[in-house]
$ cat input_24.cif   # mmCIF, N, CA and C atoms and all ligand atoms
data_target
#
loop_
_atom_site.label_atom_id
_atom_site.label_comp_id
_atom_site.auth_asym_id
_atom_site.auth_seq_id
_atom_site.Cartn_x
_atom_site.Cartn_y
_atom_site.Cartn_z
N MET B 295 -4.43 -26.57 -72.70
CA MET B 295 -3.09 -26.15 -73.19
C MET B 295 -2.97 -26.44 -74.68
N SER B 296 -2.60 -25.45 -75.44
CA SER B 296 -2.36 -25.70 -76.87
C SER B 296 -1.03 -26.43 -77.02
N TRP B 297 -0.79 -26.91 -78.22
CA TRP B 297 0.30 -27.89 -78.30
C TRP B 297 1.70 -27.33 -78.11
N GLN B 298 1.96 -26.10 -78.59
CA GLN B 298 3.32 -25.59 -78.43
C GLN B 298 3.71 -25.34 -76.96
N PRO B 299 2.88 -24.63 -76.19
CA PRO B 299 3.21 -24.51 -74.76
C PRO B 299 3.31 -25.86 -74.07
N ASN B 300 2.48 -26.81 -74.48
CA ASN B 300 2.53 -28.13 -73.86
C ASN B 300 3.86 -28.82 -74.14
N MET B 301 4.37 -28.71 -75.36
CA MET B 301 5.67 -29.32 -75.69
C MET B 301 6.76 -28.72 -74.81
N HIS B 302 6.73 -27.40 -74.65
CA HIS B 302 7.76 -26.74 -73.86
C HIS B 302 7.63 -27.09 -72.37
N SER B 303 6.40 -27.13 -71.89
CA SER B 303 6.16 -27.49 -70.49
C SER B 303 6.61 -28.92 -70.23
N SER B 304 6.29 -29.81 -71.16
CA SER B 304 6.67 -31.21 -71.01
C SER B 304 8.18 -31.37 -71.04
N LEU B 305 8.82 -30.64 -71.94
CA LEU B 305 10.28 -30.67 -72.03
C LEU B 305 10.88 -30.24 -70.70
N PHE B 306 10.39 -29.12 -70.16
CA PHE B 306 10.93 -28.62 -68.91
C PHE B 306 10.71 -29.61 -67.76
N ILE B 307 9.52 -30.16 -67.66
CA ILE B 307 9.20 -31.09 -66.57
C ILE B 307 10.07 -32.35 -66.67
N ASN B 308 10.33 -32.81 -67.89
CA ASN B 308 11.22 -33.96 -68.06
C ASN B 308 12.63 -33.66 -67.57
N ILE B 309 13.13 -32.48 -67.89
CA ILE B 309 14.46 -32.05 -67.42
C ILE B 309 14.46 -31.96 -65.90
N TYR B 310 13.43 -31.33 -65.38
CA TYR B 310 13.32 -31.14 -63.92
C TYR B 310 13.28 -32.48 -63.19
N ASN B 311 12.48 -33.40 -63.69
CA ASN B 311 12.38 -34.72 -63.05
C ASN B 311 13.70 -35.47 -63.13
N PHE B 312 14.39 -35.31 -64.26
CA PHE B 312 15.68 -35.96 -64.42
C PHE B 312 16.66 -35.45 -63.35
N ILE B 313 16.68 -34.13 -63.17
CA ILE B 313 17.58 -33.53 -62.19
C ILE B 313 17.25 -34.00 -60.77
N THR B 314 15.95 -33.95 -60.42
CA THR B 314 15.58 -34.31 -59.05
C THR B 314 15.75 -35.80 -58.76
N THR B 315 15.66 -36.65 -59.79
CA THR B 315 15.86 -38.08 -59.50
C THR B 315 17.34 -38.46 -59.52
N HIS B 316 18.17 -37.68 -60.23
CA HIS B 316 19.58 -38.04 -60.34
C HIS B 316 20.51 -37.22 -59.47
N ALA B 317 19.98 -36.20 -58.82
CA ALA B 317 20.84 -35.40 -57.95
C ALA B 317 20.10 -35.09 -56.66
N ASP B 318 20.83 -35.05 -55.57
CA ASP B 318 20.25 -34.71 -54.28
C ASP B 318 20.23 -33.19 -54.20
N ILE B 319 19.10 -32.60 -54.56
CA ILE B 319 19.06 -31.17 -54.79
C ILE B 319 17.68 -30.66 -54.38
N ASN B 320 17.61 -29.46 -53.80
CA ASN B 320 16.28 -28.95 -53.41
C ASN B 320 15.54 -28.37 -54.62
N SER B 321 14.26 -28.14 -54.45
CA SER B 321 13.44 -27.82 -55.61
C SER B 321 13.77 -26.46 -56.25
N ILE B 322 14.24 -25.50 -55.45
CA ILE B 322 14.60 -24.20 -56.03
C ILE B 322 15.83 -24.35 -56.93
N ASP B 323 16.85 -25.07 -56.44
CA ASP B 323 18.05 -25.31 -57.25
C ASP B 323 17.72 -26.10 -58.51
N ALA B 324 16.83 -27.09 -58.34
CA ALA B 324 16.43 -27.91 -59.49
C ALA B 324 15.67 -27.06 -60.50
N LEU B 325 14.86 -26.15 -60.01
CA LEU B 325 14.12 -25.24 -60.89
C LEU B 325 15.09 -24.40 -61.72
N ILE B 326 16.08 -23.80 -61.05
CA ILE B 326 17.02 -22.93 -61.74
C ILE B 326 17.89 -23.72 -62.72
N LYS B 327 18.39 -24.87 -62.27
CA LYS B 327 19.20 -25.73 -63.15
C LYS B 327 18.37 -26.21 -64.34
N GLY B 328 17.17 -26.66 -64.04
CA GLY B 328 16.28 -27.17 -65.09
C GLY B 328 15.93 -26.10 -66.10
N TYR B 329 15.69 -24.90 -65.60
CA TYR B 329 15.33 -23.80 -66.49
C TYR B 329 16.51 -23.42 -67.39
N LYS B 330 17.71 -23.46 -66.81
CA LYS B 330 18.92 -23.17 -67.60
C LYS B 330 19.09 -24.19 -68.72
N LEU B 331 18.86 -25.47 -68.39
CA LEU B 331 18.98 -26.54 -69.39
C LEU B 331 17.90 -26.40 -70.46
N TYR B 332 16.71 -26.00 -70.02
CA TYR B 332 15.62 -25.76 -70.97
C TYR B 332 16.03 -24.67 -71.97
N LEU B 333 16.58 -23.55 -71.45
CA LEU B 333 17.01 -22.46 -72.33
C LEU B 333 18.11 -22.91 -73.29
N GLU B 334 19.04 -23.71 -72.78
CA GLU B 334 20.11 -24.24 -73.64
C GLU B 334 19.54 -25.13 -74.73
N HIS B 335 18.57 -25.94 -74.35
CA HIS B 335 17.94 -26.85 -75.31
C HIS B 335 17.23 -26.09 -76.42
N ILE B 336 16.45 -25.08 -76.07
CA ILE B 336 15.72 -24.37 -77.12
C ILE B 336 16.66 -23.52 -77.97
N GLU B 337 17.75 -23.04 -77.35
CA GLU B 337 18.73 -22.28 -78.11
C GLU B 337 19.43 -23.18 -79.13
N ALA B 338 19.82 -24.37 -78.67
CA ALA B 338 20.49 -25.33 -79.53
C ALA B 338 19.61 -25.77 -80.69
N ASN B 339 18.29 -25.81 -80.44
CA ASN B 339 17.36 -26.24 -81.48
C ASN B 339 16.69 -25.07 -82.19
N LYS B 340 17.19 -23.86 -81.90
CA LYS B 340 16.66 -22.63 -82.51
C LYS B 340 15.14 -22.52 -82.37
N LEU B 341 14.67 -22.83 -81.17
CA LEU B 341 13.24 -22.72 -80.90
C LEU B 341 12.95 -21.39 -80.23
N GLU B 342 11.69 -21.03 -80.25
CA GLU B 342 11.22 -19.83 -79.59
C GLU B 342 11.06 -20.12 -78.10
N GLN B 343 11.45 -19.18 -77.25
CA GLN B 343 11.27 -19.37 -75.81
C GLN B 343 9.81 -19.14 -75.46
N VAL B 344 9.16 -20.18 -74.97
CA VAL B 344 7.73 -20.11 -74.67
C VAL B 344 7.51 -20.03 -73.16
N LEU B 345 8.38 -20.73 -72.43
CA LEU B 345 8.19 -20.88 -70.99
C LEU B 345 9.01 -19.83 -70.23
N SER B 346 8.37 -19.10 -69.33
CA SER B 346 9.11 -18.18 -68.45
C SER B 346 9.48 -18.93 -67.18
N LEU B 347 10.41 -18.36 -66.42
CA LEU B 347 10.84 -19.00 -65.17
C LEU B 347 9.65 -19.10 -64.20
N THR B 348 8.83 -18.07 -64.18
CA THR B 348 7.65 -18.07 -63.30
C THR B 348 6.70 -19.21 -63.69
N ARG B 349 6.52 -19.37 -64.99
CA ARG B 349 5.62 -20.42 -65.47
C ARG B 349 6.21 -21.81 -65.17
N ALA B 350 7.51 -21.93 -65.30
CA ALA B 350 8.18 -23.19 -64.98
C ALA B 350 7.93 -23.56 -63.52
N TRP B 351 8.04 -22.58 -62.64
CA TRP B 351 7.80 -22.79 -61.21
C TRP B 351 6.35 -23.20 -60.96
N THR B 352 5.43 -22.50 -61.65
CA THR B 352 4.00 -22.83 -61.53
C THR B 352 3.75 -24.28 -61.95
N LEU B 353 4.41 -24.70 -63.02
CA LEU B 353 4.26 -26.08 -63.50
C LEU B 353 4.67 -27.10 -62.44
N ILE B 354 5.81 -26.80 -61.79
CA ILE B 354 6.29 -27.71 -60.75
C ILE B 354 5.27 -27.83 -59.63
N ARG B 355 4.71 -26.67 -59.24
CA ARG B 355 3.70 -26.66 -58.18
C ARG B 355 2.46 -27.46 -58.60
N PHE B 356 2.06 -27.32 -59.86
CA PHE B 356 0.90 -28.03 -60.38
C PHE B 356 1.12 -29.54 -60.38
N VAL B 357 2.35 -29.94 -60.73
CA VAL B 357 2.65 -31.37 -60.74
C VAL B 357 2.70 -31.90 -59.31
N GLU B 358 3.31 -31.11 -58.40
CA GLU B 358 3.40 -31.54 -56.99
C GLU B 358 2.03 -31.64 -56.35
N SER B 359 1.13 -30.74 -56.74
CA SER B 359 -0.23 -30.78 -56.15
C SER B 359 -1.18 -31.64 -56.99
N GLU B 360 -0.59 -32.32 -58.01
CA GLU B 360 -1.31 -33.27 -58.85
C GLU B 360 -2.47 -32.68 -59.65
N VAL B 361 -2.35 -31.39 -59.96
CA VAL B 361 -3.30 -30.78 -60.90
C VAL B 361 -2.92 -31.26 -62.31
N LEU B 362 -1.60 -31.34 -62.51
CA LEU B 362 -1.08 -31.88 -63.77
C LEU B 362 -0.32 -33.16 -63.47
N CYS B 363 -0.30 -34.07 -64.41
CA CYS B 363 0.56 -35.23 -64.24
C CYS B 363 1.22 -35.57 -65.57
N ILE B 364 2.16 -36.48 -65.50
CA ILE B 364 2.94 -36.82 -66.69
C ILE B 364 2.53 -38.19 -67.18
N THR B 365 2.28 -38.28 -68.47
CA THR B 365 1.84 -39.55 -69.02
C THR B 365 2.59 -39.81 -70.32
N PRO B 366 2.93 -41.07 -70.61
CA PRO B 366 3.66 -41.34 -71.85
C PRO B 366 2.73 -41.33 -73.07
N CYS B 367 3.27 -40.89 -74.21
CA CYS B 367 2.55 -40.93 -75.48
C CYS B 367 2.64 -42.36 -76.01
N VAL B 368 1.50 -42.91 -76.44
CA VAL B 368 1.51 -44.30 -76.90
C VAL B 368 2.21 -44.46 -78.25
N LYS B 369 2.39 -43.36 -78.97
CA LYS B 369 3.03 -43.43 -80.28
C LYS B 369 4.54 -43.29 -80.21
N CYS B 370 5.03 -42.23 -79.52
CA CYS B 370 6.47 -41.98 -79.54
C CYS B 370 7.14 -42.35 -78.22
N GLY B 371 6.35 -42.63 -77.18
CA GLY B 371 6.92 -43.01 -75.90
C GLY B 371 7.45 -41.85 -75.08
N GLY B 372 7.35 -40.63 -75.62
CA GLY B 372 7.77 -39.46 -74.88
C GLY B 372 6.81 -39.19 -73.73
N GLU B 373 7.27 -38.47 -72.73
CA GLU B 373 6.41 -38.20 -71.58
C GLU B 373 5.88 -36.78 -71.66
N PHE B 374 4.57 -36.64 -71.43
CA PHE B 374 3.95 -35.34 -71.61
C PHE B 374 3.03 -34.97 -70.46
N LEU B 375 2.91 -33.66 -70.27
CA LEU B 375 2.04 -33.15 -69.21
C LEU B 375 0.59 -33.18 -69.65
N VAL B 376 -0.26 -33.65 -68.79
CA VAL B 376 -1.69 -33.62 -69.05
C VAL B 376 -2.41 -33.20 -67.76
N HIS B 377 -3.63 -32.72 -67.90
CA HIS B 377 -4.44 -32.44 -66.72
C HIS B 377 -4.80 -33.76 -66.07
N SER B 378 -4.70 -33.80 -64.75
CA SER B 378 -4.95 -35.05 -64.03
C SER B 378 -6.35 -35.60 -64.25
N LEU B 379 -7.29 -34.71 -64.56
CA LEU B 379 -8.67 -35.16 -64.74
C LEU B 379 -8.92 -35.75 -66.13
N ASP B 380 -8.00 -35.49 -67.05
CA ASP B 380 -8.16 -36.07 -68.39
C ASP B 380 -7.91 -37.57 -68.34
N ILE B 381 -8.46 -38.26 -69.30
CA ILE B 381 -8.20 -39.70 -69.39
C ILE B 381 -6.87 -39.85 -70.13
N HIS B 382 -5.92 -40.56 -69.53
CA HIS B 382 -4.66 -40.64 -70.26
C HIS B 382 -4.16 -42.03 -70.58
N SER B 383 -5.04 -43.01 -70.60
CA SER B 383 -4.61 -44.24 -71.24
C SER B 383 -4.73 -43.93 -72.74
N ASN B 384 -3.83 -44.45 -73.54
CA ASN B 384 -3.79 -44.17 -74.98
C ASN B 384 -3.60 -42.69 -75.31
N HIS B 385 -2.80 -42.00 -74.51
CA HIS B 385 -2.52 -40.60 -74.78
C HIS B 385 -1.63 -40.48 -76.03
N ILE B 386 -2.03 -39.57 -76.94
CA ILE B 386 -1.18 -39.27 -78.09
C ILE B 386 -0.77 -37.81 -77.99
N CYS B 387 0.54 -37.58 -78.02
CA CYS B 387 1.04 -36.24 -77.75
C CYS B 387 0.85 -35.30 -78.93
N GLY B 388 1.09 -34.03 -78.68
CA GLY B 388 0.93 -32.99 -79.70
C GLY B 388 1.89 -33.13 -80.87
N LEU B 389 3.03 -33.78 -80.64
CA LEU B 389 3.99 -33.94 -81.74
C LEU B 389 3.53 -35.03 -82.71
N CYS B 390 2.90 -36.06 -82.16
CA CYS B 390 2.40 -37.16 -83.00
C CYS B 390 1.05 -36.81 -83.61
N ASN B 391 0.40 -35.83 -83.05
CA ASN B 391 -0.95 -35.50 -83.48
C ASN B 391 -1.07 -33.99 -83.73
N ILE B 392 -0.27 -33.49 -84.64
CA ILE B 392 -0.30 -32.06 -84.95
C ILE B 392 -1.56 -31.76 -85.77
N PRO B 393 -2.43 -30.90 -85.24
CA PRO B 393 -3.72 -30.69 -85.91
C PRO B 393 -3.64 -29.70 -87.09
N SER B 394 -2.61 -29.81 -87.90
CA SER B 394 -2.50 -28.92 -89.06
C SER B 394 -2.54 -29.76 -90.33
N ARG B 395 -2.43 -29.09 -91.45
CA ARG B 395 -2.46 -29.81 -92.71
C ARG B 395 -1.07 -30.31 -93.10
N ALA B 396 -0.05 -29.96 -92.30
CA ALA B 396 1.34 -30.27 -92.65
C ALA B 396 1.54 -31.75 -92.99
N GLY B 397 1.03 -32.63 -92.11
CA GLY B 397 1.21 -34.07 -92.31
C GLY B 397 0.51 -34.55 -93.57
N LYS B 398 -0.73 -34.08 -93.75
CA LYS B 398 -1.52 -34.50 -94.89
C LYS B 398 -0.88 -34.04 -96.20
N THR B 399 -0.40 -32.81 -96.18
CA THR B 399 0.23 -32.25 -97.39
C THR B 399 1.45 -33.09 -97.78
N LYS B 400 2.24 -33.43 -96.76
CA LYS B 400 3.43 -34.23 -97.02
C LYS B 400 3.05 -35.59 -97.59
N LYS B 401 2.01 -36.18 -96.99
CA LYS B 401 1.57 -37.49 -97.43
C LYS B 401 1.05 -37.42 -98.87
N ALA B 402 0.27 -36.39 -99.13
CA ALA B 402 -0.28 -36.21 -100.48
C ALA B 402 0.84 -36.02 -101.50
N ALA B 403 1.86 -35.26 -101.10
CA ALA B 403 2.99 -35.02 -101.98
C ALA B 403 3.74 -36.33 -102.27
N ALA B 404 3.91 -37.12 -101.21
CA ALA B 404 4.61 -38.40 -101.35
C ALA B 404 3.81 -39.35 -102.26
N GLU B 405 2.50 -39.33 -102.10
CA GLU B 405 1.65 -40.19 -102.89
C GLU B 405 1.65 -39.76 -104.37
N SER B 406 1.63 -38.45 -104.58
CA SER B 406 1.59 -37.96 -105.97
C SER B 406 2.89 -38.29 -106.70
N ARG B 407 3.99 -38.39 -105.93
CA ARG B 407 5.26 -38.74 -106.54
C ARG B 407 5.25 -40.19 -107.04
N LEU B 408 4.45 -41.02 -106.38
CA LEU B 408 4.38 -42.44 -106.75
C LEU B 408 3.63 -42.68 -108.06
N HIS B 409 2.74 -41.69 -108.41
CA HIS B 409 1.89 -41.90 -109.59
C HIS B 409 2.52 -41.33 -110.85
ZN ZN X 501 4.10 -38.73 -79.30
#
$ encode --input "input_24.cif" --output "structure tokens"
Amino acid sequence: MSWQPNMHSSLFINIYNFITTHADINSIDALIKGYKLYLEHIEANKLEQVLSLTRAWTLIRFVESEVLCITPCVKCGGEFLVHSLDIHSNHICGLCNIPSRAGKTKKAAAESRLH
């Protein structure tokens, strides 16, 4: 999974888990409620919609059948989806570990301001 779909999948699964642990609700209702909250969240944050309802449902099935599991990021403490076969002690999420030059450029800019 590349990092953007993973962020969206993790966001949705966190919402879904929150609903199922805090409300006595069946999985179809939780899926629909969770998906609605996901859409509201990305709209509020002006994000691109990455996850379809079908994909959200597939994710739930994958988590239930333990193909995917949720593990906390050691840097930010957020919970993220990973493949169950991956090693996830010391997991660092895609937000803390963006593989672009963005972080480096910012750091370089900050450093050049100091000189
Ligand atoms: Zn993180």
$ atom_distance --input "input_24.cif" --atom1 "CA of Glu360 (chain B)" --atom2 "CA of Glu342 (chain B)"
27.7 Å
$ atom_distance --input "input_24.cif" --atom1 "atom C of Gly388 (chain B)" --atom2 "atom N of Ser359 (chain B)"
24.3 Å
$ residues_around --input "input_24.cif" --residues "region 310-313 of chain B" --least-positions-apart "6" --cutoff "7 Å" --atoms "all atoms listed in the file" --output "ChimeraX atom specification"
/B:319,324-325,328-329
$ closest_atom_pairs --input "input_24.cif" --of "chain B" --to "ligand ZN 501 (chain X)" --cutoff "9 Å" --atoms "only C-alpha atoms and all ligand atoms" --output "Markdown table"
| residue | atom | partner | partner_atom | distance |
| --- | --- | --- | --- | --- |
| B:Pro366 | CA | X:ZN501 | ZN | 7.9 |
| B:Cys367 | CA | X:ZN501 | ZN | 4.7 |
| B:Val368 | CA | X:ZN501 | ZN | 6.6 |
| B:Lys369 | CA | X:ZN501 | ZN | 4.9 |
| B:Cys370 | CA | X:ZN501 | ZN | 4.0 |
| B:Gly371 | CA | X:ZN501 | ZN | 6.2 |
| B:Gly372 | CA | X:ZN501 | ZN | 5.8 |
| B:Glu373 | CA | X:ZN501 | ZN | 8.1 |
| B:Phe374 | CA | X:ZN501 | ZN | 8.4 |
| B:His385 | CA | X:ZN501 | ZN | 8.2 |
| B:Ile386 | CA | X:ZN501 | ZN | 5.4 |
| B:Cys387 | CA | X:ZN501 | ZN | 4.2 |
| B:Gly388 | CA | X:ZN501 | ZN | 6.6 |
| B:Leu389 | CA | X:ZN501 | ZN | 5.4 |
| B:Cys390 | CA | X:ZN501 | ZN | 4.4 |
| B:Asn391 | CA | X:ZN501 | ZN | 7.3 |
$ write_last_selection --input "input_24.cif" --atoms "N, CA and C atoms" --output "CSV table (one decimal), in the frame of the given file"
chain,number,residue,atom,x,y,z
B,366,PRO,N,2.9,-41.1,-70.6
B,366,PRO,CA,3.7,-41.3,-71.8
B,366,PRO,C,2.7,-41.3,-73.1
B,367,CYS,N,3.3,-40.9,-74.2
B,367,CYS,CA,2.6,-40.9,-75.5
B,367,CYS,C,2.6,-42.4,-76.0
B,368,VAL,N,1.5,-42.9,-76.4
B,368,VAL,CA,1.5,-44.3,-76.9
B,368,VAL,C,2.2,-44.5,-78.2
B,369,LYS,N,2.4,-43.4,-79.0
B,369,LYS,CA,3.0,-43.4,-80.3
B,369,LYS,C,4.5,-43.3,-80.2
B,370,CYS,N,5.0,-42.2,-79.5
B,370,CYS,CA,6.5,-42.0,-79.5
B,370,CYS,C,7.1,-42.4,-78.2
B,371,GLY,N,6.4,-42.6,-77.2
B,371,GLY,CA,6.9,-43.0,-75.9
B,371,GLY,C,7.4,-41.8,-75.1
B,372,GLY,N,7.4,-40.6,-75.6
B,372,GLY,CA,7.8,-39.5,-74.9
B,372,GLY,C,6.8,-39.2,-73.7
B,373,GLU,N,7.3,-38.5,-72.7
B,373,GLU,CA,6.4,-38.2,-71.6
B,373,GLU,C,5.9,-36.8,-71.7
B,374,PHE,N,4.6,-36.6,-71.4
B,374,PHE,CA,4.0,-35.3,-71.6
B,374,PHE,C,3.0,-35.0,-70.5
B,385,HIS,N,-2.8,-42.0,-74.5
B,385,HIS,CA,-2.5,-40.6,-74.8
B,385,HIS,C,-1.6,-40.5,-76.0
B,386,ILE,N,-2.0,-39.6,-76.9
B,386,ILE,CA,-1.2,-39.3,-78.1
B,386,ILE,C,-0.8,-37.8,-78.0
B,387,CYS,N,0.5,-37.6,-78.0
B,387,CYS,CA,1.0,-36.2,-77.8
B,387,CYS,C,0.8,-35.3,-78.9
B,388,GLY,N,1.1,-34.0,-78.7
B,388,GLY,CA,0.9,-33.0,-79.7
B,388,GLY,C,1.9,-33.1,-80.9
B,389,LEU,N,3.0,-33.8,-80.6
B,389,LEU,CA,4.0,-33.9,-81.7
B,389,LEU,C,3.5,-35.0,-82.7
B,390,CYS,N,2.9,-36.1,-82.2
B,390,CYS,CA,2.4,-37.2,-83.0
B,390,CYS,C,1.0,-36.8,-83.6
B,391,ASN,N,0.4,-35.8,-83.0
B,391,ASN,CA,-1.0,-35.5,-83.5
B,391,ASN,C,-1.1,-34.0,-83.7
$ residues_around --input "input_24.cif" --residues "Ile336 (chain B)" --least-positions-apart "5" --cutoff "12 Å" --atoms "only C-alpha atoms" --output "ChimeraX atom specification"
/B:301-302,305-306,329-331,341-345
$ atom_distance --input "input_24.cif" --atom1 "CA of Val357 (chain B)" --atom2 "CA of Asn384 (chain B)"
20.2 Å
$ select_by_dssp --input "input_24.cif" --residues "region 343-399 of chain B" --states "strand (DSSP E)" --output "PyMOL selection string"
chain B and resi 362-366+373-377
